[in-house]
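The structure appears below as structure tokens.
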Amino acid sequence: MCTSHDHSQGEAAQAGAGRRGFLRATALLGAAATASVALPAVAEAASGSDWRPDTESRRFTLAVMPDTQYLFDGPNIDPAPIEASLRYLLEHGREENIVFLSHLGDLTQNGAKEEFAAIGEAFGLLDRRGVGYSVLAGNHDIRSSTDDQRGPTPYLDAFGPRRFTGKPTFGGASADGYNTYHLFKAAGREWLVLALDWRLSAKGYAWAKDVLARHPRTPVVLTTHELVVADDQLSDHGQQLWDQLIADHDQIFLTLNGHYWPAGRATRKNAAGNEVHLHLTNYQNRYFGGAAMIRLYHFDLDRNVIDVETVSPWILGRAKKGLNELERQEMELSGDADRFSVEIDFAARFSGFDPVPARPARPASQMLVRGTVAYWRFESPVAGTVRDLSGHGNDLTVVSVGGGTLGWSADHHPDQPGHGSLEFQGYKSPLKGAYLKTVDGAPLGSATFETGYTIEAFYRLPADWDPDHNAWSGVVCRTGTGGAAGKTADDPDEPLATLSLSNDREPQWAMRPLNQQGIATNWGQETPLETWWHLAVVNDGQHTTLYVEGCPVVRNPKAAAVGITSVGLPWLLGGYTYADTIDQILHGRLGDVRIVSRALPVTSFMTQPATRR
């Protein structure tokens, strides 16, 4: 259904939203290299939490920060770049719905106490605002020859579990303190970040598996310092992580690591046969030690995509002083390894460990809203007459053309009340197939709907749908011609009303209102194959609106259209007539169809929870 969530106009637009928002805020759009506006300051709360991401929005951002070691190197400590990146998260957290930050290790160059004191103070910017984040030890943060059983270190003093205790996103830590997990809510569900040490011991692996076992239905982003070494290649340690942890845990759908450069990506299929996306991001080899570059992973669960961009807020914010040559090159990275989109059907990808329960069938009685004049559903193969479940006698009979038949399938739109559909097998030349027609004397034939109407139908077109043979078939059609009704404007041989599918699979409602001589037409957009669609035509007694998946289309005429002209002839499902002769038959599946003698709000469509309004 169309919802209140924002819908992007394309992947490029979504991918660039964060950058453009930042550039607008700093007055850099169109003149990034020469503008004279500084990075906006952020007023920090003295204490308490005011970090409130929109946890229900299906668009959210996970921020990622790789190796910052050269900024915290002995006497050469410069926290300004990392502070700029952290302030960016605070400044744009609401706009981009930033829900969490993951640092990928090598926070410091030498793992020294004074280095950790400096970067720890920088991260205080997030602590004071209650922002959820994770860190982990890289090889420069501890003795690289040790694993997570190494004992006390300056890293643990600065970023051990004590720092995170009490944070809403902190889930817990291994007994040694070097491995942590974090939980945040986004898109109406729980997500887990598993932050693992530079080298896991047997105890570390056991702890990680236990965390996953205790959160069996939660999707997991695994962060660690070393895993991917280059495009399509894992390091030896990365392969060990894959073999001992990632491959057998379907919850892990994305991994993030630093350590190596340049940035790269790999994709592997796990033991369940599902793809795991493994990303390497590290910019310490670039100007100013990477300038605390951040990756922004923009999740969009409506578009089933993660759009990724890489920016340096510190360099962007230095525009007031004028950017040097290298800064101009580095303020935003746009190469294929730094700015890209990952397509993930989230529901399908997570279904193995967190299946979405199918919506149960709803009794026909719940669909009989006030004013229902006809309701047909197909929960079993058609044999003889299809009863009108409204009780008004608008029953259907099968009409065969060229020996065609109607099949049946349990397939249905996920929000369809009845669980089943008829399979029409229409073909244009020579004309063949079967369709449904209301019985002689059905009251629907004479109804004119002067005060309004709602016509709803579910349909799905197969992969072999061919416009040369299948275009312009009717989903729902009122027979009789304009000429027979004395309305000869436009084509007098067209039927009086038809909800049809064009050669581009655009739904079209074309009909003759009582108050017009000509044909009034509503147009929808192209509807892809092998996908279930819900259509609704709603007339409020004056104007007609066509909805696709509960969303109004753009081409809805403004002229008044009252009722539907009738000459007392039958209605068809799956058939279209021209000059009162069957001309085309649907090639596809048709689910529940309902006709109501008044305008229904979207909240009362068949896709919605039952209502008696």
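Letters A, B, ... mark the chains of the structure tokens in the order given; residue numbers begin at 1 per chain; ligand numbers begin at 1, in order shown.
Note that DSSP on the backbone gives alpha helix (DSSP H) to these residues of stretch 207-266 of chain A: Trp207, Ala208, Lys209, Asp210, Val211, Leu212, Ala213, Arg214, Asp236, His237, Gly238, Gln239, Gln240 and Leu241 of chain A.
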Enumerate, as an MDAnalysis selection string, the complete set of residues in stretch 146-184 of chain A that a backbone-based DSSP assignment places in strand (DSSP E). chainID A and resid 170:173 180:184
Let's have the selection written as a short mmCIF file (atom, residue, chain, number, x, y, z; two decimals), in the first residue's frame, with N, CA, C and O atoms.
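Output contents, as saved in part_0.cif:
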```cif
data_model
loop_
_atom_site.label_atom_id
_atom_site.label_comp_id
_atom_site.auth_asym_id
_atom_site.auth_seq_id
_atom_site.Cartn_x
_atom_site.Cartn_y
_atom_site.Cartn_z
N PHE A 170 23.42 -0.20 23.96
CA PHE A 170 24.44 -1.16 24.37
C PHE A 170 23.79 -2.46 24.82
O PHE A 170 22.99 -2.49 25.74
N GLY A 171 24.19 -3.57 24.14
CA GLY A 171 23.63 -4.86 24.47
C GLY A 171 24.45 -5.63 25.48
O GLY A 171 23.91 -6.29 26.38
N GLY A 172 25.77 -5.55 25.36
CA GLY A 172 26.64 -6.27 26.28
C GLY A 172 28.01 -6.48 25.68
O GLY A 172 28.29 -6.09 24.54
N ALA A 173 28.89 -7.11 26.45
CA ALA A 173 30.27 -7.32 26.04
C ALA A 173 30.73 -8.71 26.46
O ALA A 173 30.17 -9.31 27.39
N THR A 180 31.81 -6.46 21.66
CA THR A 180 30.56 -5.89 22.15
C THR A 180 29.46 -6.09 21.11
O THR A 180 29.73 -6.32 19.93
N TYR A 181 28.24 -6.00 21.57
CA TYR A 181 27.13 -5.95 20.61
C TYR A 181 26.19 -4.82 21.01
O TYR A 181 26.10 -4.42 22.17
N HIS A 182 25.51 -4.30 20.00
CA HIS A 182 24.69 -3.11 20.17
C HIS A 182 23.39 -3.32 19.41
O HIS A 182 23.38 -3.89 18.31
N LEU A 183 22.30 -2.83 19.96
CA LEU A 183 20.98 -2.99 19.37
C LEU A 183 20.37 -1.62 19.13
O LEU A 183 20.40 -0.76 20.01
N PHE A 184 19.87 -1.42 17.94
CA PHE A 184 19.13 -0.18 17.68
C PHE A 184 17.85 -0.54 16.94
O PHE A 184 17.74 -1.58 16.31
#
```
Pick out the closest residue to A:Gly130 from this set: A:Ala195, A:Val99, A:Ile77, A:Ala117. Count only C-alpha atoms. A:Val99
Residues within 8 Å of A:Ala347, only C-alpha atoms, excluding chain neighbours under 4 positions, as a PyMOL selection string: chain A and resi 351+355-356
Those selected residues, please, written with N, CA, C and O atoms and delivered as an mmCIF file, in the first residue's frame.
```
data_model
loop_
_atom_site.group_PDB
_atom_site.id
_atom_site.type_symbol
_atom_site.label_atom_id
_atom_site.label_comp_id
_atom_site.auth_asym_id
_atom_site.auth_seq_id
_atom_site.Cartn_x
_atom_site.Cartn_y
_atom_site.Cartn_z
ATOM 1 N N SER A 351 13.905 -13.598 5.510
ATOM 2 C CA SER A 351 12.812 -14.551 5.721
ATOM 3 C C SER A 351 13.286 -15.877 6.299
ATOM 4 O O SER A 351 12.517 -16.576 6.964
ATOM 5 N N PRO A 355 10.866 -15.009 9.268
ATOM 6 C CA PRO A 355 9.841 -15.004 8.214
ATOM 7 C C PRO A 355 8.684 -14.075 8.550
ATOM 8 O O PRO A 355 8.261 -13.983 9.703
ATOM 9 N N VAL A 356 8.209 -13.371 7.511
ATOM 10 C CA VAL A 356 7.046 -12.509 7.680
ATOM 11 C C VAL A 356 5.805 -13.388 7.588
ATOM 12 O O VAL A 356 5.592 -14.065 6.581
#
```
To one decimal in Å, tell me the separation between atom CA of A:Thr565 and atom CA of A:Leu496.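 Atom CA of A:Leu496 lies 6.4 Å from atom CA of A:Thr565.
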Using only C-alpha atoms, find the one residue out of A:Asp236, A:Asp395, A:Asp490, A:Glu456 that sits nearest to A:Val538.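 Comparing A:Asp236, A:Asp395, A:Asp490, A:Glu456 against A:Val538, the winner is A:Glu456.
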Return the single residue from A:Thr545, A:Thr577, A:Asn110, A:Thr169 that is closest to A:Glu190, with distances computed using only C-alpha atoms.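 Of A:Thr545, A:Thr577, A:Asn110, A:Thr169, the one nearest A:Glu190 is A:Thr169, counting only C-alpha atoms.
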Compile the contact shell of A:Ala471 as a list in words: residues with an atom at most 8 Å away, counting only C-alpha atoms, same-chain residues fewer than 4 positions apart removed.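 Once the nearby chain positions are removed, what remains is Asp466, Pro467, Leu501, Ser502, Asn503, Asp504 and Arg505 of chain A.
Look at A:Thr310: the protein and nucleic acid residues within 6 Å of it, using only C-alpha atoms and passing over chain neighbours fewer than 3 places away, are Ile294, Arg295, Leu333 and Asp338 of chain A.
Counting from atom CA of A:Val553, the distance to atom CA of A:Glu506 is 10.7 Å.
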Report, in Å to a single decimal, how far apart atom CA of A:Leu104 and atom CA of A:Trp314 are. 18.9 Å
Do you know which residues are at most 9 Å from stretch 135-147 of chain A counting only C-alpha atoms, after dropping those on the same chain fewer than 6 positions away, and could you put them as an MDAnalysis selection string? chainID A and resid 67 69 101:112 116 153:156 159 178:180 195:201 204 223:226 258:259
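In terms of minimum interatomic distance to A:Ala374, A:Asp388 ranks closest within A:Glu325, A:Asp73, A:Asp388, A:Glu275, counting only C-alpha atoms.
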Pick the closest to A:Asp493 from A:Leu368, A:Leu431, A:Ile582, A:Ala358: which is it, counting only C-alpha atoms?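 Looking at the shortest contact to A:Asp493, the residue is A:Ile582.
Proximity ranking of A:Gly188, A:Thr527, A:Arg52, A:Arg94 relative to A:Gly132 places A:Arg52 first, based on only C-alpha atoms.
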Do you know which residues are at most 10 Å from A:Leu326 counting only C-alpha atoms, after dropping those on the same chain fewer than 5 positions away, and could you put them as a VMD selection string? chain A and resid 286 to 288 315 331
